[in-house]
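Listing of final-v1.txt; format and content: compact mmCIF, C-alpha atoms.
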# COMPACT_ATOMS: atom_id res chain seq x y z
CA MET A 1 -9.24 -13.11 -11.09
CA LEU A 2 -5.80 -11.59 -11.47
CA ASN A 3 -5.36 -13.59 -14.69
CA TYR A 4 -8.28 -11.78 -16.32
CA ILE A 5 -7.45 -8.36 -14.92
CA TRP A 6 -3.80 -8.61 -15.91
CA PHE A 7 -4.56 -9.77 -19.43
CA GLY A 8 -7.52 -7.36 -19.71
CA MET A 9 -5.34 -4.38 -18.83
CA MET A 10 -2.82 -5.26 -21.54
CA LEU A 11 -5.52 -5.99 -24.12
CA ILE A 12 -7.33 -2.70 -23.40
CA SER A 13 -3.98 -0.89 -23.53
CA VAL A 14 -3.15 -2.21 -26.99
CA ILE A 15 -6.64 -1.46 -28.34
CA ALA A 16 -6.69 2.01 -26.76
CA GLY A 17 -3.14 2.60 -27.98
CA ILE A 18 -4.20 1.86 -31.56
CA ILE A 19 -7.29 4.11 -31.27
CA THR A 20 -5.41 7.03 -29.72
CA GLY A 21 -2.37 6.55 -31.95
CA ARG A 22 -0.08 5.95 -28.97
CA ILE A 23 0.90 2.40 -29.76
CA ASP A 24 4.59 3.35 -29.79
CA ALA A 25 4.26 4.73 -26.28
CA VAL A 26 2.58 1.50 -25.17
CA THR A 27 5.48 -0.59 -26.46
CA GLU A 28 7.97 1.76 -24.88
CA ALA A 29 6.11 1.64 -21.55
CA ALA A 30 6.06 -2.17 -21.53
CA ILE A 31 9.82 -2.40 -22.07
CA GLY A 32 10.61 0.52 -19.79
CA MET A 33 8.45 -0.75 -16.93
CA ALA A 34 10.01 -4.22 -17.08
CA LYS A 35 13.31 -2.49 -16.42
CA THR A 36 11.84 -0.25 -13.72
CA ALA A 37 10.36 -3.26 -11.91
CA VAL A 38 13.80 -4.84 -11.60
CA GLU A 39 15.33 -1.54 -10.46
CA ILE A 40 12.67 -1.18 -7.77
CA SER A 41 13.24 -4.74 -6.57
CA ILE A 42 17.01 -4.37 -6.49
CA GLY A 43 16.61 -1.00 -4.77
CA LEU A 44 14.66 -2.74 -2.02
CA ILE A 45 17.60 -4.99 -1.08
CA GLY A 46 19.38 -2.45 1.10
CA ILE A 47 16.30 -1.23 2.98
CA MET A 48 15.04 -4.79 3.38
CA ALA A 49 18.39 -5.94 4.74
CA LEU A 50 18.55 -3.04 7.20
CA TRP A 51 15.07 -3.57 8.65
CA LEU A 52 15.17 -7.34 8.61
CA GLY A 53 18.46 -7.12 10.52
CA ILE A 54 17.00 -4.78 13.11
CA MET A 55 13.88 -6.94 13.31
CA LYS A 56 16.00 -10.01 13.98
CA ILE A 57 17.50 -8.20 16.95
CA ALA A 58 14.02 -7.20 18.13
CA GLU A 59 12.91 -10.80 17.78
CA ALA A 60 15.93 -12.30 19.54
CA SER A 61 15.56 -9.90 22.45
CA GLY A 62 11.86 -10.72 22.87
CA LEU A 63 10.75 -7.18 22.01
CA ILE A 64 8.38 -8.36 19.27
CA ARG A 65 6.65 -10.74 21.64
CA ILE A 66 6.19 -7.92 24.17
CA ILE A 67 4.71 -5.54 21.58
CA ALA A 68 2.53 -8.22 20.03
CA ARG A 69 1.16 -9.25 23.42
CA ALA A 70 0.29 -5.66 24.27
CA LEU A 71 -1.54 -4.95 21.02
CA LYS A 72 -2.86 -8.36 20.08
CA PRO A 73 -6.59 -7.89 20.82
CA ILE A 74 -6.90 -6.07 17.47
CA PRO A 75 -5.16 -8.57 15.16
CA ILE A 76 -6.75 -11.56 16.89
CA ARG A 77 -10.17 -10.32 15.82
CA LEU A 78 -9.05 -9.52 12.29
CA PHE A 79 -7.12 -12.77 11.81
CA PRO A 80 -9.07 -15.49 13.62
CA ASP A 81 -7.22 -18.24 11.69
CA VAL A 82 -3.82 -17.20 13.03
CA PRO A 83 -2.94 -18.61 16.47
CA ALA A 84 -2.70 -15.78 19.02
CA ASP A 85 0.89 -16.59 19.96
CA HIS A 86 2.11 -16.99 16.36
CA PRO A 87 5.02 -14.69 15.40
CA ALA A 88 2.98 -13.41 12.42
CA ILE A 89 0.77 -11.46 14.84
CA GLY A 90 3.82 -9.56 16.09
CA SER A 91 4.97 -8.68 12.56
CA ILE A 92 1.46 -7.65 11.54
CA VAL A 93 1.18 -5.33 14.55
CA LEU A 94 4.57 -3.78 13.79
CA ASN A 95 3.75 -3.37 10.09
CA MET A 96 0.50 -1.59 10.91
CA SER A 97 2.21 0.64 13.47
CA ALA A 98 4.89 1.59 10.92
CA ASN A 99 2.19 2.29 8.32
CA MET A 100 0.23 4.48 10.72
CA LEU A 101 3.32 6.55 11.41
CA GLY A 102 4.03 6.92 7.70
CA LEU A 103 7.24 4.90 7.87
CA GLY A 104 6.84 3.25 4.47
CA ASN A 105 10.48 2.17 4.36
CA ALA A 106 10.11 0.20 7.57
CA ALA A 107 6.54 -0.96 6.90
CA THR A 108 7.33 -2.94 3.72
CA PRO A 109 10.04 -5.21 5.21
CA LEU A 110 7.84 -5.77 8.28
CA GLY A 111 4.88 -6.58 6.04
CA LEU A 112 6.92 -9.05 3.99
CA LYS A 113 8.12 -10.70 7.19
CA ALA A 114 4.48 -11.04 8.25
CA MET A 115 3.66 -12.59 4.85
CA GLU A 116 6.48 -15.10 5.27
CA GLU A 117 5.15 -16.08 8.70
CA LEU A 118 1.59 -16.34 7.40
CA GLN A 119 2.90 -18.56 4.62
CA GLU A 120 4.23 -21.00 7.24
CA ILE A 121 0.69 -21.81 8.33
CA ASN A 122 -0.68 -21.87 4.77
CA PRO A 123 -1.56 -25.40 3.59
CA ARG A 124 -1.62 -24.35 -0.12
CA LYS A 125 1.55 -22.40 -0.83
CA ASP A 126 0.40 -20.86 -4.13
CA THR A 127 -2.97 -19.64 -2.81
CA ALA A 128 -3.59 -16.71 -0.49
CA THR A 129 -5.22 -17.51 2.86
CA ASN A 130 -8.05 -15.47 4.37
CA ALA A 131 -5.55 -13.92 6.77
CA MET A 132 -3.22 -12.94 3.90
CA VAL A 133 -6.02 -11.28 1.94
CA MET A 134 -7.21 -9.43 5.05
CA PHE A 135 -3.66 -8.25 5.75
CA LEU A 136 -3.13 -7.15 2.15
CA ALA A 137 -6.50 -5.37 1.94
CA ILE A 138 -5.75 -3.39 5.09
CA ASN A 139 -2.31 -2.51 3.75
CA THR A 140 -3.63 -1.31 0.38
CA SER A 141 -6.27 0.85 2.06
CA SER A 142 -3.55 2.75 3.95
CA VAL A 143 -3.89 3.35 7.67
CA GLN A 144 -1.63 6.38 7.83
CA ILE A 145 -2.29 9.01 10.51
CA ILE A 146 0.54 11.25 9.34
CA VAL A 147 0.14 13.18 6.09
CA PRO A 148 2.82 11.93 3.66
CA ALA A 149 5.88 14.19 3.40
CA THR A 150 5.36 14.57 -0.35
CA VAL A 151 1.87 15.97 0.26
CA VAL A 152 3.19 18.33 2.95
CA ALA A 153 5.76 19.60 0.45
CA LEU A 154 3.08 20.21 -2.19
CA MET A 155 0.31 21.65 -0.04
CA GLY A 156 2.36 23.83 2.30
CA VAL A 157 0.27 25.55 5.00
CA THR A 158 -2.93 23.98 3.63
CA THR A 159 -1.69 20.61 4.93
CA SER A 160 -3.31 21.12 8.33
CA GLN A 161 -6.72 21.54 6.67
CA ILE A 162 -6.59 18.15 4.98
CA PHE A 163 -5.43 16.31 8.10
CA ILE A 164 -8.94 15.45 9.35
CA PRO A 165 -10.43 14.67 5.90
CA THR A 166 -7.48 12.32 5.26
CA ILE A 167 -8.02 10.44 8.52
CA LEU A 168 -11.76 10.17 7.89
CA ALA A 169 -11.30 8.98 4.28
CA THR A 170 -8.63 6.46 5.20
CA THR A 171 -10.84 5.13 8.03
CA ALA A 172 -13.69 4.68 5.56
CA SER A 173 -11.47 2.82 3.11
CA THR A 174 -9.93 0.61 5.80
CA ILE A 175 -13.35 -0.36 7.17
CA THR A 176 -14.43 -1.16 3.60
CA ALA A 177 -11.30 -3.28 3.08
CA ILE A 178 -11.96 -5.27 6.26
CA PHE A 179 -15.62 -5.70 5.43
CA MET A 180 -14.94 -6.78 1.83
CA ALA A 181 -12.20 -9.21 2.81
CA ARG A 182 -14.60 -10.82 5.31
CA PHE A 183 -17.62 -10.67 3.05
CA LEU A 184 -15.92 -12.21 0.00
CA GLN A 185 -13.82 -14.89 1.67
CA ASN A 186 -16.62 -17.47 1.67
CA ARG A 187 -17.95 -16.67 -1.83
CA LYS A 188 -17.63 -19.60 -4.14
CA MET A 189 -15.74 -17.75 -6.89
CA PHE A 190 -13.03 -16.74 -4.40
CA SER A 191 -12.78 -20.03 -2.52
CA VAL A 192 -9.39 -21.66 -1.95
CA GLU A 193 -10.34 -24.54 -4.26
CA SER A 194 -11.59 -22.45 -7.19
CA GLY A 195 -9.42 -21.43 -10.11
CA SER A 196 -8.74 -17.76 -9.50
CA MET B 1 -5.28 23.18 17.61
CA ILE B 2 -5.16 21.00 14.50
CA GLU B 3 -2.14 22.93 13.26
CA SER B 4 -0.19 22.16 16.41
CA ILE B 5 -1.15 18.46 16.35
CA VAL B 6 -0.15 18.11 12.69
CA GLY B 7 3.00 20.08 13.33
CA SER B 8 4.13 17.96 16.25
CA LEU B 9 3.21 14.68 14.53
CA ASN B 10 5.20 15.58 11.45
CA ALA B 11 8.06 17.01 13.51
CA GLY B 12 8.15 13.91 15.70
CA ALA B 13 8.13 11.55 12.73
CA LYS B 14 11.73 12.28 11.81
CA TYR B 15 12.97 10.97 15.18
CA ILE B 16 11.15 7.63 14.99
CA ILE B 17 13.54 5.81 12.64
CA PRO B 18 16.79 6.86 14.35
CA LEU B 19 15.19 6.00 17.67
CA LEU B 20 14.25 2.50 16.48
CA LEU B 21 17.69 1.94 14.93
CA VAL B 22 19.34 2.71 18.26
CA GLY B 23 16.62 1.71 20.73
CA ILE B 24 16.12 -1.88 19.60
CA PRO B 25 19.83 -2.89 19.69
CA PHE B 26 20.19 -0.94 22.97
CA TYR B 27 17.47 -2.99 24.66
CA ALA B 28 18.88 -6.22 23.20
CA ILE B 29 22.47 -5.58 24.25
CA SER B 30 21.83 -4.06 27.68
CA VAL B 31 18.89 -6.14 28.94
CA LYS B 32 19.30 -9.44 27.07
CA LYS B 33 23.06 -9.44 26.38
CA ILE B 34 22.46 -10.31 22.73
CA LYS B 35 25.30 -10.27 20.17
CA VAL B 36 23.60 -7.56 18.17
CA TYR B 37 26.03 -7.40 15.25
CA GLU B 38 25.88 -11.12 14.56
CA VAL B 39 22.10 -11.26 14.89
CA PHE B 40 21.71 -8.22 12.63
CA VAL B 41 23.76 -9.79 9.84
CA GLU B 42 21.85 -13.05 10.19
CA GLY B 43 18.53 -11.24 9.67
CA ALA B 44 19.82 -8.94 6.94
CA LYS B 45 20.71 -11.92 4.73
CA ASP B 46 17.03 -12.43 3.91
CA GLY B 47 16.84 -8.97 2.32
CA PHE B 48 18.45 -10.16 -0.87
CA THR B 49 16.40 -13.32 -1.40
CA ILE B 50 13.10 -11.56 -0.76
CA ALA B 51 13.92 -8.66 -3.10
CA VAL B 52 14.95 -11.04 -5.89
CA ARG B 53 11.88 -13.24 -5.40
CA ILE B 54 9.63 -10.22 -5.99
CA ILE B 55 11.08 -9.41 -9.43
CA PRO B 56 8.85 -11.55 -11.73
CA TYR B 57 5.65 -10.47 -9.95
CA LEU B 58 6.58 -6.82 -10.08
CA VAL B 59 7.56 -7.05 -13.77
CA ALA B 60 4.17 -8.59 -14.61
CA ILE B 61 2.14 -5.97 -12.73
CA LEU B 62 4.19 -2.89 -13.61
CA VAL B 63 4.33 -3.73 -17.32
CA ALA B 64 0.52 -4.01 -17.47
CA VAL B 65 0.12 -0.80 -15.46
CA GLY B 66 2.68 1.04 -17.60
CA MET B 67 1.02 -0.02 -20.85
CA PHE B 68 -2.37 1.03 -19.48
CA ARG B 69 -1.09 4.47 -18.51
CA ALA B 70 0.73 5.05 -21.80
CA SER B 71 -2.16 3.92 -24.00
CA GLY B 72 -4.52 6.76 -23.16
CA ALA B 73 -7.06 4.21 -21.89
CA LEU B 74 -7.50 6.37 -18.79
CA ASP B 75 -8.75 9.27 -20.94
CA LEU B 76 -11.20 7.00 -22.73
CA LEU B 77 -12.44 5.69 -19.37
CA LEU B 78 -12.72 9.29 -18.21
CA SER B 79 -15.02 10.34 -21.04
CA LEU B 80 -17.10 7.19 -20.58
CA MET B 81 -17.56 7.89 -16.88
CA ALA B 82 -18.19 11.64 -17.13
CA PRO B 83 -22.04 11.53 -17.19
CA LEU B 84 -22.16 9.18 -14.22
CA LEU B 85 -19.75 11.36 -12.27
CA ASN B 86 -21.76 14.51 -12.88
CA ALA B 87 -24.82 12.69 -11.56
CA ILE B 88 -23.16 11.85 -8.23
CA GLY B 89 -21.34 15.18 -7.83
CA PHE B 90 -17.83 13.80 -8.33
CA PRO B 91 -15.64 16.57 -9.83
CA PRO B 92 -14.19 15.36 -13.19
CA GLU B 93 -10.97 17.22 -12.31
CA ASN B 94 -10.31 14.67 -9.56
CA LEU B 95 -11.12 11.54 -11.54
CA PRO B 96 -7.70 10.99 -13.18
CA LEU B 97 -6.09 10.97 -9.74
CA ALA B 98 -8.72 8.61 -8.33
CA LEU B 99 -8.16 6.17 -11.20
CA MET B 100 -4.37 6.49 -11.09
CA ARG B 101 -3.98 6.10 -7.31
CA PRO B 102 -4.21 2.28 -7.16
CA LEU B 103 -2.04 1.93 -10.29
CA SER B 104 0.99 4.10 -9.69
CA GLY B 105 2.43 6.05 -6.77
CA SER B 106 4.63 8.34 -8.88
CA GLY B 107 1.88 8.77 -11.48
CA SER B 108 -0.68 9.86 -8.91
CA LEU B 109 1.82 12.17 -7.23
CA GLY B 110 2.38 13.77 -10.64
CA LEU B 111 -1.37 14.28 -11.09
CA LEU B 112 -1.65 15.80 -7.60
CA THR B 113 1.20 18.17 -8.47
CA ASP B 114 -0.72 19.19 -11.61
CA LEU B 115 -3.85 19.92 -9.56
CA VAL B 116 -1.88 22.05 -7.07
CA ASN B 117 -0.09 23.96 -9.84
CA GLU B 118 -3.25 24.47 -11.88
CA TYR B 119 -5.75 25.43 -9.16
CA GLY B 120 -3.55 26.31 -6.15
CA PRO B 121 -3.22 24.40 -2.84
CA ASP B 122 -6.20 26.31 -1.42
CA SER B 123 -8.60 25.06 -4.10
CA LEU B 124 -11.20 22.38 -3.42
CA TYR B 125 -9.72 20.23 -6.22
CA ALA B 126 -6.27 20.24 -4.63
CA LYS B 127 -7.67 19.48 -1.18
CA ILE B 128 -9.74 16.59 -2.51
CA GLY B 129 -6.70 15.36 -4.45
CA ALA B 130 -4.36 15.54 -1.45
CA THR B 131 -6.94 13.73 0.70
CA MET B 132 -7.27 10.99 -1.92
CA PHE B 133 -3.52 10.65 -2.19
CA GLY B 134 -2.99 10.48 1.58
CA SER B 135 -5.85 8.11 2.28
CA SER B 136 -4.95 5.33 -0.14
CA GLU B 137 -2.11 3.12 -1.30
CA THR B 138 -0.80 1.82 -4.63
CA THR B 139 -2.92 -1.34 -4.53
CA PHE B 140 -1.42 -3.12 -7.57
CA TYR B 141 2.15 -2.55 -6.38
CA VAL B 142 1.41 -3.71 -2.82
CA LEU B 143 -0.30 -6.83 -4.18
CA ALA B 144 2.65 -7.71 -6.44
CA VAL B 145 5.26 -7.15 -3.74
CA TYR B 146 3.46 -8.76 -0.78
CA PHE B 147 2.16 -11.84 -2.58
CA GLY B 148 5.27 -12.07 -4.78
CA SER B 149 7.54 -12.25 -1.75
CA VAL B 150 6.00 -15.61 -0.78
CA SER B 151 5.38 -16.81 -4.36
CA ILE B 152 1.58 -16.62 -4.16
CA THR B 153 -0.04 -16.54 -7.59
CA ARG B 154 -3.69 -17.18 -6.66
CA SER B 155 -4.70 -13.95 -4.97
CA ARG B 156 -8.43 -14.82 -4.51
CA HIS B 157 -10.50 -11.79 -3.42
CA ALA B 158 -7.53 -9.54 -2.55
CA LEU B 159 -7.74 -7.27 -5.59
CA VAL B 160 -11.52 -6.85 -5.46
CA ALA B 161 -11.37 -6.01 -1.74
CA GLY B 162 -8.47 -3.59 -2.27
CA LEU B 163 -10.04 -1.79 -5.23
CA THR B 164 -13.43 -1.48 -3.53
CA ALA B 165 -11.68 0.09 -0.55
CA ASP B 166 -9.89 2.49 -2.93
CA ALA B 167 -13.18 3.50 -4.53
CA VAL B 168 -14.81 4.12 -1.15
CA GLY B 169 -11.73 6.08 -0.05
CA ALA B 170 -11.88 8.28 -3.16
CA LEU B 171 -15.62 8.93 -2.80
CA SER B 172 -15.16 9.71 0.90
CA ALA B 173 -12.38 12.17 0.05
CA VAL B 174 -14.72 14.01 -2.35
CA TYR B 175 -17.75 14.19 -0.06
CA ILE B 176 -15.83 14.93 3.15
CA CYS B 177 -13.89 17.76 1.48
CA LYS B 178 -17.04 19.15 -0.15
CA LEU B 179 -18.74 19.11 3.25
CA MET B 180 -15.82 20.77 5.03
CA PHE B 181 -14.59 23.22 2.38
CA GLY B 182 -17.29 23.34 -0.31
Output the structure of this file as structure tokens.
Amino acid sequence: MLNYIWFGMMLISVIAGIITGRIDAVTEAAIGMAKTAVEISIGLIGIMALWLGIMKIAEASGLIRIIARALKPIPIRLFPDVPADHPAIGSIVLNMSANMLGLGNAATPLGLKAMEELQEINPRKDTATNAMVMFLAINTSSVQIIVPATVVALMGVTTSQIFIPTILATTASTITAIFMARFLQNRKMFSVESGS
Amino acid sequence: MIESIVGSLNAGAKYIIPLLLVGIPFYAISVKKIKVYEVFVEGAKDGFTIAVRIIPYLVAILVAVGMFRASGALDLLLSLMAPLLNAIGFPPENLPLALMRPLSGSGSLGLLTDLVNEYGPDSLYAKIGATMFGSSETTFYVLAVYFGSVSITRSRHALVAGLTADAVGALSAVYICKLMFG
């Protein structure tokens, strides 16, 4: 799937670039974004190190187990393939909590830790498991209950008016993400064995 | 009522990170007698490997997204979709943001800024835009980073599920705002 979408996006870009006369900008964007991608990754090192360090302390002191045990009824239903006492459940719970509170900086390292733990119980290391897709879909649908600071800065006093619409819209998209992840996981074209 | 809830949530948010940074080591050192400095460094080591592992995935995704944005393909898509949008009551002013949201965080923030500057924060367009922005994530980026960090190349139904959720989120933002403010 991603093979076609990735190639399709570049193909459409080149064709559209020729039609609109922006082919130079397309070339520039390709080279510029390659550089940006590395800068973003390198920029993650410090934040990742900080949160992974703190998480290690939380893990060693048993805090993660305590939190995961308290909140696990939710992830157990969403991730039936993951054993209830697996450390991934703890990281997933913490990632979702951080996302809800709008702590993007903390949520990403926690999410990547969860991915690493989900990978441990993945029999095919290059292919996403049902649990991984479910986790990713929920993450991309955003479960934030705090309006992002950037939006607050832009909207000013109007922010309080969009609070409820934002929660309703994000709930709708999260429910869709969960439903779609479940609904598609047994389709033949998305099966673990198939090509995509 | 809502104002005070939003106010206290956003005011409280700035204490969460410092509290976690101090609270977690405090519990570990006082209750469990853990050597917090040594354990921290041990965990922090992984930060570098994970960040470096992400690079090729992020390059692949961001290059495609960047080319797509620069090519003007979004404008072509926009004119193609205009009749359909009019039929379902989706304001064309909000379409660029809806299409950009899964592709680029900074790009969609730029478009939201345009909406606010052009129509004012009190306008329906700005409210719909802000709701869209706040209710969704940069799907392509999240996919590249999360799957890249564990070297997963076969993403199965992840992108379809994520993009469908984005579409439903964008449509919800439009109809909910129209209902509440229209």
Discussion item. Based on only C-alpha atoms, which of the residues in chain A come within 6 Å of chain B? I want them as a count of residues only.
Written reply: 45
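Every protein, DNA or RNA residue with an atom at most 9 Å from Gly102 in chain A, where only C-alpha atoms count and chain neighbours fewer than 3 positions away do not, is listed here: Ser97, Ala98, Asn99, Asn105, Ala107, Val143, Gln144, Ile145, Ile146, Val147, Pro148 and Ala149 of chain A; Ala13 of chain B.
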Worksheet item: So how many Å separate CA of Ile76 in chain A and CA of Ala106 in chain A, to one decimal?
Response: 22.6 Å
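CA of Pro109 in chain A lies 13.6 Å from CA of Ile42 in chain A.
Comparing the minimum interatomic distances between Pro80 in chain A and each of A:Ala172, A:Leu63, A:Met9, A:Met134, counting all atoms listed in the file, we find that A:Met134 sits nearest.
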